[in-house]
$ cat my_file.cif   # mmCIF, C-alpha atoms
data_entry
#
loop_
_atom_site.label_atom_id
_atom_site.label_comp_id
_atom_site.auth_asym_id
_atom_site.auth_seq_id
_atom_site.Cartn_x
_atom_site.Cartn_y
_atom_site.Cartn_z
CA MET R 178 -24.93 -11.28 12.36
CA ALA R 179 -27.57 -13.92 12.95
CA LEU R 180 -31.15 -14.62 11.92
CA TYR R 181 -33.63 -15.52 14.65
CA PHE R 182 -36.85 -17.50 14.26
CA ILE R 183 -39.69 -17.91 16.76
CA SER R 184 -43.32 -19.02 16.55
CA ASP R 185 -46.37 -20.03 18.56
CA LEU R 186 -46.22 -17.49 21.35
CA HIS R 187 -50.02 -17.25 21.42
CA LEU R 188 -49.78 -13.87 23.14
CA GLU R 189 -52.91 -12.77 25.00
CA HIS R 190 -53.92 -10.46 27.84
CA GLN R 191 -54.31 -13.32 30.31
CA ARG R 192 -50.60 -14.18 30.09
CA PRO R 193 -48.60 -11.05 30.95
CA ALA R 194 -45.57 -13.12 32.04
CA MET R 195 -45.15 -14.41 28.50
CA ALA R 196 -45.42 -10.90 27.06
CA ALA R 197 -42.73 -9.79 29.52
CA GLY R 198 -40.59 -12.75 28.48
CA PHE R 199 -41.02 -11.81 24.84
CA LYS R 200 -39.94 -8.24 25.55
CA GLY R 201 -36.87 -9.48 27.39
CA PHE R 202 -36.00 -11.80 24.51
CA VAL R 203 -36.29 -9.09 21.86
CA ASP R 204 -34.49 -6.48 23.94
CA GLY R 205 -31.62 -8.93 24.39
CA LEU R 206 -31.02 -9.51 20.67
CA THR R 207 -27.64 -7.86 20.22
CA ASP R 208 -26.42 -9.68 17.10
CA ALA R 209 -29.67 -10.01 15.15
CA GLU R 210 -29.89 -9.13 11.50
CA ALA R 211 -33.53 -10.19 11.35
CA LEU R 212 -36.29 -11.69 13.48
CA TYR R 213 -38.81 -14.00 11.80
CA ILE R 214 -42.07 -14.69 13.67
CA LEU R 215 -43.55 -17.75 11.96
CA GLY R 216 -47.20 -17.54 12.91
CA ASP R 217 -49.48 -17.74 15.94
CA PHE R 218 -47.76 -14.71 17.40
CA PHE R 219 -51.11 -13.84 18.96
CA GLU R 220 -53.60 -16.32 20.39
CA VAL R 221 -56.19 -14.64 18.20
CA TRP R 222 -56.20 -11.57 15.94
CA MET R 223 -59.49 -10.02 14.90
CA GLY R 224 -58.18 -7.35 12.55
CA ASP R 225 -55.73 -4.48 12.50
CA ASP R 226 -58.40 -2.09 13.78
CA TYR R 227 -58.14 -3.76 17.19
CA ASN R 228 -55.88 -2.05 19.71
CA ASP R 229 -55.47 -1.76 23.47
CA PRO R 230 -52.62 -1.18 25.97
CA PHE R 231 -51.52 -4.84 25.77
CA VAL R 232 -51.22 -4.72 21.98
CA ASP R 233 -49.55 -1.31 22.21
CA GLY R 234 -46.88 -2.85 24.42
CA ILE R 235 -46.20 -5.67 21.96
CA LYS R 236 -46.00 -3.19 19.11
CA ALA R 237 -43.59 -1.01 21.09
CA THR R 238 -41.27 -3.98 21.64
CA LEU R 239 -41.14 -4.76 17.93
CA ARG R 240 -40.89 -1.11 16.94
CA ASN R 241 -37.89 -0.74 19.22
CA ALA R 242 -36.24 -3.72 17.54
CA VAL R 243 -36.76 -2.17 14.11
CA GLU R 244 -35.33 1.13 15.32
CA ARG R 245 -32.24 -0.78 16.48
CA GLY R 246 -31.72 -2.04 12.94
CA ILE R 247 -33.35 -5.48 13.23
CA ALA R 248 -35.56 -6.42 10.29
CA VAL R 249 -38.82 -7.93 11.60
CA TYR R 250 -40.89 -10.33 9.50
CA LEU R 251 -44.30 -11.75 10.38
CA MET R 252 -45.94 -14.84 8.91
CA HIS R 253 -49.60 -15.75 9.25
CA GLY R 254 -50.46 -18.65 11.53
CA ASN R 255 -53.74 -20.48 11.99
CA ARG R 256 -54.76 -18.09 14.79
CA ASP R 257 -53.49 -14.73 13.53
CA PHE R 258 -54.09 -15.01 9.79
CA LEU R 259 -55.83 -11.60 9.84
CA LEU R 260 -52.65 -9.73 10.73
CA GLY R 261 -52.31 -7.18 7.98
CA GLU R 262 -50.26 -4.45 6.42
CA ALA R 263 -51.57 -1.81 8.83
CA PHE R 264 -50.14 -3.69 11.81
CA CYS R 265 -46.82 -4.11 10.03
CA ALA R 266 -46.68 -0.47 8.95
CA ASP R 267 -47.27 0.64 12.53
CA ILE R 268 -44.10 -1.10 13.70
CA GLY R 269 -41.99 -1.01 10.53
CA ALA R 270 -42.21 -4.77 9.92
CA ASN R 271 -43.02 -6.79 6.80
CA MET R 272 -45.20 -9.80 6.11
CA VAL R 273 -43.39 -12.87 4.80
CA ALA R 274 -45.28 -15.44 2.75
CA GLU R 275 -45.68 -19.10 3.62
CA GLY R 276 -43.12 -21.11 1.67
CA SER R 277 -40.58 -18.30 1.33
CA VAL R 278 -36.97 -19.38 0.92
CA ILE R 279 -34.43 -17.67 3.16
CA HIS R 280 -30.78 -17.51 2.09
CA HIS R 281 -28.09 -16.90 4.69
CA GLY R 282 -24.57 -17.10 3.37
CA ASP R 283 -24.18 -20.41 1.58
CA GLU R 284 -27.12 -21.97 3.41
CA SER R 285 -30.86 -21.77 2.69
CA ALA R 286 -34.19 -22.94 4.11
CA VAL R 287 -37.88 -22.79 3.31
CA ILE R 288 -40.00 -21.33 6.12
CA LEU R 289 -43.63 -22.08 6.95
CA HIS R 290 -46.01 -21.82 9.85
CA GLY R 291 -46.58 -25.54 9.50
CA ASP R 292 -50.34 -26.06 9.48
CA SER R 293 -50.38 -26.48 5.70
CA LEU R 294 -48.36 -29.68 6.19
CA CYS R 295 -50.97 -31.33 8.46
CA THR R 296 -53.07 -32.71 5.63
CA GLN R 297 -54.24 -35.80 7.52
CA ASP R 298 -56.45 -33.49 9.57
CA VAL R 299 -59.01 -33.22 6.78
CA GLU R 300 -61.55 -31.31 8.86
CA TYR R 301 -59.02 -28.64 9.79
CA MET R 302 -57.77 -28.29 6.21
CA LYS R 303 -61.32 -27.50 5.05
CA ILE R 304 -61.66 -24.82 7.73
CA ARG R 305 -58.24 -23.45 6.86
CA GLN R 306 -59.22 -23.09 3.22
CA MET R 307 -62.31 -21.13 4.23
CA PHE R 308 -60.48 -18.83 6.65
CA ARG R 309 -57.76 -18.08 4.08
CA SER R 310 -60.29 -17.14 1.41
CA PRO R 311 -60.03 -13.41 0.53
CA GLN R 312 -63.83 -13.22 0.24
CA TRP R 313 -64.38 -14.78 3.67
CA GLN R 314 -61.82 -12.46 5.23
CA ALA R 315 -63.36 -9.39 3.61
CA ASP R 316 -66.83 -10.37 4.84
CA PHE R 317 -65.54 -11.11 8.33
CA LEU R 318 -63.59 -7.86 8.65
CA GLY R 319 -66.76 -6.04 7.60
CA LYS R 320 -68.46 -7.17 10.81
CA SER R 321 -68.27 -5.16 14.02
CA LEU R 322 -65.35 -5.79 16.35
CA GLU R 323 -67.74 -7.15 18.98
CA GLU R 324 -69.12 -9.70 16.49
CA ARG R 325 -65.62 -10.77 15.51
CA ILE R 326 -64.55 -11.24 19.12
CA ALA R 327 -67.64 -13.34 19.87
CA PHE R 328 -66.97 -15.50 16.81
CA ALA R 329 -63.34 -16.01 17.86
CA ARG R 330 -64.38 -17.20 21.30
CA HIS R 331 -66.77 -19.70 19.77
CA VAL R 332 -64.20 -21.04 17.31
CA ARG R 333 -61.56 -21.33 20.04
CA SER R 334 -63.92 -23.36 22.23
CA GLU R 335 -64.81 -25.67 19.35
CA SER R 336 -61.14 -26.07 18.42
CA GLN R 337 -60.07 -27.02 21.94
CA SER R 338 -62.79 -29.66 22.28
CA GLY R 339 -62.06 -31.02 18.81
CA GLN R 340 -58.32 -31.38 19.43
CA GLN R 341 -58.95 -33.57 22.46
CA MET R 342 -60.60 -36.14 20.19
CA LYS R 343 -57.91 -36.20 17.47
CA SER R 344 -54.95 -38.56 17.42
CA ALA R 345 -51.42 -37.18 17.74
CA GLU R 346 -50.59 -38.55 14.29
CA ILE R 347 -53.39 -36.64 12.59
CA MET R 348 -52.29 -33.37 14.19
CA ASP R 349 -48.65 -33.76 13.08
CA VAL R 350 -47.19 -33.04 9.64
CA THR R 351 -47.65 -35.47 6.77
CA PRO R 352 -44.17 -36.65 5.65
CA ILE R 353 -45.05 -36.65 1.96
CA GLU R 354 -46.17 -33.01 2.23
CA VAL R 355 -42.84 -32.07 3.82
CA ASP R 356 -40.90 -33.57 0.92
CA LYS R 357 -43.28 -31.96 -1.56
CA ALA R 358 -42.73 -28.51 -0.01
CA LEU R 359 -38.96 -28.99 -0.06
CA ASP R 360 -39.08 -30.11 -3.69
CA GLU R 361 -41.14 -27.06 -4.68
CA ALA R 362 -38.79 -24.72 -2.81
CA GLY R 363 -35.68 -26.35 -4.25
CA VAL R 364 -33.96 -26.64 -0.85
CA THR R 365 -33.13 -29.40 1.62
CA ARG R 366 -33.92 -27.62 4.90
CA MET R 367 -37.27 -26.56 6.38
CA ILE R 368 -38.10 -24.42 9.42
CA HIS R 369 -41.64 -24.35 10.83
CA GLY R 370 -43.74 -24.23 13.97
CA HIS R 371 -47.43 -24.99 14.63
CA THR R 372 -47.21 -28.56 15.93
CA HIS R 373 -45.67 -27.62 19.32
CA ARG R 374 -43.25 -30.54 18.90
CA PRO R 375 -39.79 -28.96 18.93
CA ASP R 376 -37.17 -31.19 17.35
CA VAL R 377 -34.63 -31.51 14.55
CA HIS R 378 -35.42 -34.26 12.03
CA HIS R 379 -32.94 -35.71 9.52
CA TRP R 380 -33.75 -38.17 6.75
CA GLN R 381 -32.85 -39.20 3.21
CA HIS R 382 -35.11 -38.56 0.24
CA GLN R 383 -34.09 -39.99 -3.12
CA GLY R 384 -30.47 -40.03 -1.98
CA GLU R 385 -30.57 -36.45 -0.69
CA ALA R 386 -29.99 -35.51 2.97
CA ARG R 387 -32.81 -33.37 4.35
CA GLU R 388 -33.50 -31.51 7.58
CA ARG R 389 -36.66 -30.22 9.27
CA ILE R 390 -36.36 -27.96 12.31
CA VAL R 391 -39.52 -27.55 14.36
CA LEU R 392 -39.96 -24.63 16.74
CA GLY R 393 -41.70 -25.11 20.07
CA ASP R 394 -44.50 -23.09 21.64
CA TRP R 395 -43.86 -20.60 24.46
CA ASP R 396 -45.28 -20.59 27.96
CA ASP R 397 -45.02 -18.30 30.97
CA THR R 398 -41.47 -19.35 31.86
CA GLN R 399 -39.69 -20.35 28.66
CA GLY R 400 -39.53 -19.98 24.91
CA TRP R 401 -38.00 -21.62 21.84
CA MET R 402 -35.89 -20.05 19.13
CA ILE R 403 -33.69 -20.86 16.19
CA ARG R 404 -30.47 -18.89 15.85
CA TRP R 405 -28.84 -19.05 12.43
CA GLU R 406 -25.34 -17.71 11.89
CA LYS R 407 -24.11 -17.11 8.36
CA ASP R 408 -22.58 -20.13 6.60
CA SER R 409 -23.55 -22.49 9.42
CA ALA R 410 -26.52 -24.67 10.31
CA PRO R 411 -29.46 -23.16 12.22
CA GLN R 412 -29.51 -24.07 15.92
CA LEU R 413 -32.72 -24.83 17.84
CA SER R 414 -32.70 -24.01 21.54
CA LYS R 415 -34.96 -23.54 24.55
CA PHE R 416 -34.44 -20.65 26.95
CA SER R 417 -35.91 -19.46 30.23
CA PHE R 418 -37.22 -15.99 30.96
#

$ encode --input "my_file.cif" --output "structure tokens"
Amino acid sequence: MALYFISDLHLEHQRPAMAAGFKGFVDGLTDAEALYILGDFFEVWMGDDYNDPFVDGIKATLRNAVERGIAVYLMHGNRDFLLGEAFCADIGANMVAEGSVIHHGDESAVILHGDSLCTQDVEYMKIRQMFRSPQWQADFLGKSLEERIAFARHVRSESQSGQQMKSAEIMDVTPIEVDKALDEAGVTRMIHGHTHRPDVHHWQHQGEARERIVLGDWDDTQGWMIRWEKDSAPQLSKFSF
């Protein structure tokens, strides 16, 4: 049995082809022990009280996977950090914390969304700290759904214009933070998304071989995944719908 990892689907109503591709991907998992979704599953998530036919369809896909015996784990990203226990309970999934260590046979890896590693983007890190504050989240979820949706649209517009002015280096991970996270986790392998720069990186740190596997973002025709068989190295691959 294998573990599967995906991230950065940014699912939204305006992109039904991607939602259909996601359904096809999940329905085709015949050897999966677990599916880990490492953040930014949705383009935006305004709270578990939001629901509509599009969201119902996504939930049904995941619920079907759980009913087939696949454990489903969700991690918060920078766009869907308000996903909560109610959403998970509705489909039989579980939240998995940033920095969790996954063991598979004799191999292990620390998993993250990846935005916490982008510390050179000082402006974003300040916003991230605010959004992740329990008090801010409680206040925000206390607003009406209409107010939350309007706020999300504003933030998205500001984010898109701001990204156009930032250098590629600032928006990528900070190497020292990668090594720090690996040291804290006590492992030599990391899996994350967020940067939309799929690749497998190898390097030496204090005489120790290390690996960082970066998931790619999905579009209307293709997706990225990591498939990890027991007692072997995780494999990053791109696939078409």

$ atom_distance --input "my_file.cif" --atom1 "atom CA of R:Val278" --atom2 "atom CA of R:Val364"
8.1 Å

$ axis_aligned_box --input "my_file.cif" --around "stretch 361-379 of chain R" --padding-each-side "6 Å" --output "AutoDock Vina command-line options"
--center_x -40.2 --center_y -30.0 --center_z 7.3 --size_x 26.5 --size_y 23.5 --size_z 36.0

$ closest_residue --input "my_file.cif" --among "R:Glu210, R:Glu388, R:Asp283, R:Asp226" --to "R:Val355" --atoms "only C-alpha atoms"
R:Glu388

$ residues_around --input "my_file.cif" --residues "R:Ile214" --least-positions-apart "2" --cutoff "7 Å" --atoms "only C-alpha atoms" --output "PyMOL selection string"
chain R and resi 182-184+212+216+218+250-252

$ closest_residue --input "my_file.cif" --among "R:Pro352, R:Gly198, R:Gly393, R:Gly400" --to "R:His379" --atoms "all atoms listed in the file"
R:Pro352

$ residues_around --input "my_file.cif" --residues "R:Asp408" --least-positions-apart "6" --cutoff "7 Å" --atoms "all atoms listed in the file" --output "PDB file with C-alpha atoms, in the frame of the given file"
ATOM      1  CA  HIS R 281     -28.090 -16.900   4.690  1.00  0.00           C
ATOM      2  CA  GLY R 282     -24.570 -17.100   3.370  1.00  0.00           C
ATOM      3  CA  ASP R 283     -24.180 -20.410   1.580  1.00  0.00           C
ATOM      4  CA  GLU R 284     -27.120 -21.970   3.410  1.00  0.00           C
TER       5      GLU R 284
END

$ residues_near_point --input "my_file.cif" --point "(-39.2, -29.0, -4.7)" --cutoff "12 Å" --atoms "all atoms listed in the file" --output "list in words"
Gly276, Val278, Ala286, Val287, Ile353, Glu354, Val355, Asp356, Lys357, Ala358, Leu359, Asp360, Glu361, Ala362, Gly363, Val364, Thr365, Arg366, Met367, His382 and Arg387 of chain R

$ build_atoms --input "my_file.cif" --residues "stretch 301-329 of chain R" --atoms "N, CA and C atoms" --output "JSON list (two decimals), in the coordinates of the input"
[["chain", "number", "residue", "atom", "x", "y", "z"],
["R", 301, "TYR", "N", -59.71, -29.92, 9.61],
["R", 301, "TYR", "CA", -59.02, -28.64, 9.79],
["R", 301, "TYR", "C", -58.65, -28.02, 8.45],
["R", 302, "MET", "N", -58.19, -28.82, 7.50],
["R", 302, "MET", "CA", -57.77, -28.29, 6.21],
["R", 302, "MET", "C", -58.94, -27.61, 5.49],
["R", 303, "LYS", "N", -60.15, -28.14, 5.65],
["R", 303, "LYS", "CA", -61.32, -27.50, 5.05],
["R", 303, "LYS", "C", -61.58, -26.14, 5.69],
["R", 304, "ILE", "N", -61.46, -26.09, 7.02],
["R", 304, "ILE", "CA", -61.66, -24.82, 7.73],
["R", 304, "ILE", "C", -60.57, -23.83, 7.35],
["R", 305, "ARG", "N", -59.35, -24.32, 7.24],
["R", 305, "ARG", "CA", -58.24, -23.45, 6.86],
["R", 305, "ARG", "C", -58.47, -22.81, 5.50],
["R", 306, "GLN", "N", -58.95, -23.61, 4.56],
["R", 306, "GLN", "CA", -59.22, -23.09, 3.22],
["R", 306, "GLN", "C", -60.26, -21.98, 3.27],
["R", 307, "MET", "N", -61.28, -22.15, 4.10],
["R", 307, "MET", "CA", -62.31, -21.13, 4.23],
["R", 307, "MET", "C", -61.74, -19.86, 4.85],
["R", 308, "PHE", "N", -61.01, -20.00, 5.96],
["R", 308, "PHE", "CA", -60.48, -18.83, 6.65],
["R", 308, "PHE", "C", -59.48, -18.06, 5.79],
["R", 309, "ARG", "N", -58.76, -18.75, 4.92],
["R", 309, "ARG", "CA", -57.76, -18.08, 4.08],
["R", 309, "ARG", "C", -58.35, -17.47, 2.81],
["R", 310, "SER", "N", -59.64, -17.69, 2.59],
["R", 310, "SER", "CA", -60.29, -17.14, 1.41],
["R", 310, "SER", "C", -60.39, -15.62, 1.51],
["R", 311, "PRO", "N", -59.93, -14.87, 0.50],
["R", 311, "PRO", "CA", -60.03, -13.41, 0.53],
["R", 311, "PRO", "C", -61.46, -12.92, 0.71],
["R", 312, "GLN", "N", -62.43, -13.63, 0.11],
["R", 312, "GLN", "CA", -63.83, -13.22, 0.24],
["R", 312, "GLN", "C", -64.31, -13.40, 1.67],
["R", 313, "TRP", "N", -63.98, -14.55, 2.28],
["R", 313, "TRP", "CA", -64.38, -14.78, 3.67],
["R", 313, "TRP", "C", -63.77, -13.73, 4.58],
["R", 314, "GLN", "N", -62.50, -13.43, 4.38],
["R", 314, "GLN", "CA", -61.82, -12.46, 5.23],
["R", 314, "GLN", "C", -62.42, -11.07, 5.07],
["R", 315, "ALA", "N", -62.75, -10.70, 3.84],
["R", 315, "ALA", "CA", -63.36, -9.39, 3.61],
["R", 315, "ALA", "C", -64.72, -9.29, 4.30],
["R", 316, "ASP", "N", -65.51, -10.35, 4.18],
["R", 316, "ASP", "CA", -66.83, -10.37, 4.84],
["R", 316, "ASP", "C", -66.68, -10.31, 6.35],
["R", 317, "PHE", "N", -65.73, -11.06, 6.88],
["R", 317, "PHE", "CA", -65.54, -11.11, 8.33],
["R", 317, "PHE", "C", -65.07, -9.77, 8.87],
["R", 318, "LEU", "N", -64.11, -9.15, 8.19],
["R", 318, "LEU", "CA", -63.59, -7.86, 8.65],
["R", 318, "LEU", "C", -64.63, -6.75, 8.50],
["R", 319, "GLY", "N", -65.68, -7.01, 7.72],
["R", 319, "GLY", "CA", -66.76, -6.04, 7.60],
["R", 319, "GLY", "C", -67.73, -6.07, 8.77],
["R", 320, "LYS", "N", -67.61, -7.08, 9.62],
["R", 320, "LYS", "CA", -68.46, -7.17, 10.81],
["R", 320, "LYS", "C", -67.91, -6.26, 11.91],
["R", 321, "SER", "N", -68.73, -5.99, 12.90],
["R", 321, "SER", "CA", -68.27, -5.16, 14.02],
["R", 321, "SER", "C", -67.22, -5.92, 14.82],
["R", 322, "LEU", "N", -66.39, -5.17, 15.54],
["R", 322, "LEU", "CA", -65.35, -5.79, 16.35],
["R", 322, "LEU", "C", -65.95, -6.73, 17.40],
["R", 323, "GLU", "N", -67.08, -6.32, 17.97],
["R", 323, "GLU", "CA", -67.74, -7.15, 18.98],
["R", 323, "GLU", "C", -68.18, -8.50, 18.38],
["R", 324, "GLU", "N", -68.71, -8.47, 17.15],
["R", 324, "GLU", "CA", -69.12, -9.70, 16.49],
["R", 324, "GLU", "C", -67.92, -10.60, 16.21],
["R", 325, "ARG", "N", -66.83, -9.99, 15.80],
["R", 325, "ARG", "CA", -65.62, -10.77, 15.51],
["R", 325, "ARG", "C", -65.06, -11.43, 16.76],
["R", 326, "ILE", "N", -65.06, -10.70, 17.86],
["R", 326, "ILE", "CA", -64.55, -11.24, 19.12],
["R", 326, "ILE", "C", -65.42, -12.41, 19.58],
["R", 327, "ALA", "N", -66.73, -12.27, 19.48],
["R", 327, "ALA", "CA", -67.64, -13.34, 19.87],
["R", 327, "ALA", "C", -67.42, -14.58, 19.01],
["R", 328, "PHE", "N", -67.22, -14.38, 17.72],
["R", 328, "PHE", "CA", -66.97, -15.50, 16.81],
["R", 328, "PHE", "C", -65.67, -16.20, 17.19],
["R", 329, "ALA", "N", -64.63, -15.43, 17.50],
["R", 329, "ALA", "CA", -63.34, -16.01, 17.86],
["R", 329, "ALA", "C", -63.44, -16.87, 19.10]]
